[in-house]
Amino acid sequence: MTLTTLPAAADTERTDPDCADVKCVALTFDDGPGEHTDELLDILDENDAKATFYVLGSKLGSHTDEVERMVDEGHEVGNHTWDHADLATLSASEIKDDLQRTDKAIKDLTGQAPTTMRPPYGSLSDTARETIDKPMLLWDVDTLDWQHRDPETTVDIASEETDEGSVLLFHDIHQTTVEAIPEVLETLSEDGYEFVTVDQMMGSQVEAGTAYSDARSLG
């Protein structure tokens, strides 16, 4: 396997937390960008919190400002396929074409190719695992925000299931999710957690072609 070194996210306003010394978690947002992403970015900025956005290539053209803002404000942008295809149902060539198309769209917009990807639904076949040439980031805390659409439930799941090194799954396409984030940040901050990107938390320890659910899985 190829060891992948993830580039540091741009951030000139603060010193990034050292996850060897503090309790880090990664907030991740799937399926955007969307109409609520700007509001979410405002909340993250107000709380000096960084996040990772697993974006769909098909949505970038209508949300260029939001994606550029993600990068400008020190967040990470990852590949979530072009239009949320279940990679377990695709051939190797279809997977390559989809991910390369999405990579190109992200790089053309931000100047940086994504270094990690997230398979829609967390669905991976043997073919997908053998074909994907990036670290595959899953999650260990699924807030199920897309299902229940209730901010309080989102906060409860995040606060009850998060541990040091957790990767939390949210979807910024839902207003109810964005409504939950201020309390998620407040609650987890009170528990001593720092909010960093996947890159900042897992860095060069992740390998291309391997799936990870959290930083604890790095050993």
# chains A, B, ... in the order shown; residues from 1 in each chain; ligands from 1
$ closest_atom_pairs --of "range 10-110 of chain A" --to "range 153-158 of chain A" --cutoff "12 Å" --atoms "only C-alpha atoms" --output "CSV"
residue,atom,partner,partner_atom,distance
A:Val25,CA,A:Ala158,CA,10.9
A:Ala26,CA,A:Ala158,CA,11.5
A:Leu27,CA,A:Ala158,CA,10.0
$ write_last_selection --atoms "all heavy atoms" --output "compact mmCIF listing (two decimals), in the first residue's frame"
# COMPACT_ATOMS: atom_id res chain seq x y z
N VAL A 25 -11.31 15.41 17.88
CA VAL A 25 -12.36 14.72 17.14
C VAL A 25 -12.51 15.40 15.79
O VAL A 25 -12.17 16.58 15.63
CB VAL A 25 -13.71 14.72 17.88
CG1 VAL A 25 -13.62 13.90 19.16
CG2 VAL A 25 -14.17 16.14 18.18
N ALA A 26 -13.04 14.66 14.82
CA ALA A 26 -13.25 15.21 13.47
C ALA A 26 -14.74 15.24 13.16
O ALA A 26 -15.40 14.19 13.12
CB ALA A 26 -12.51 14.37 12.44
N LEU A 27 -15.25 16.44 12.97
CA LEU A 27 -16.63 16.60 12.51
C LEU A 27 -16.61 16.51 10.98
O LEU A 27 -15.87 17.24 10.32
CB LEU A 27 -17.19 17.96 12.93
CG LEU A 27 -17.10 18.33 14.42
CD1 LEU A 27 -17.75 19.70 14.64
CD2 LEU A 27 -17.74 17.27 15.29
$ closest_residue --among "A:Asp199, A:Glu39, A:Glu179, A:Asp126" --to "Leu90 in chain A" --atoms "only C-alpha atoms"
A:Asp126
$ residues_around --residues "Thr102 in chain A" --least-positions-apart "4" --cutoff "7 Å" --atoms "only C-alpha atoms" --output "PyMOL selection string"
chain A and resi 57+79+81-82+98+106
$ select_by_dssp --residues "chain A" --states "strand (DSSP E)" --output "PyMOL selection string"
chain A and resi 23-30+52-55+76-79+136-137+141-142+167-171+193-196+211-212
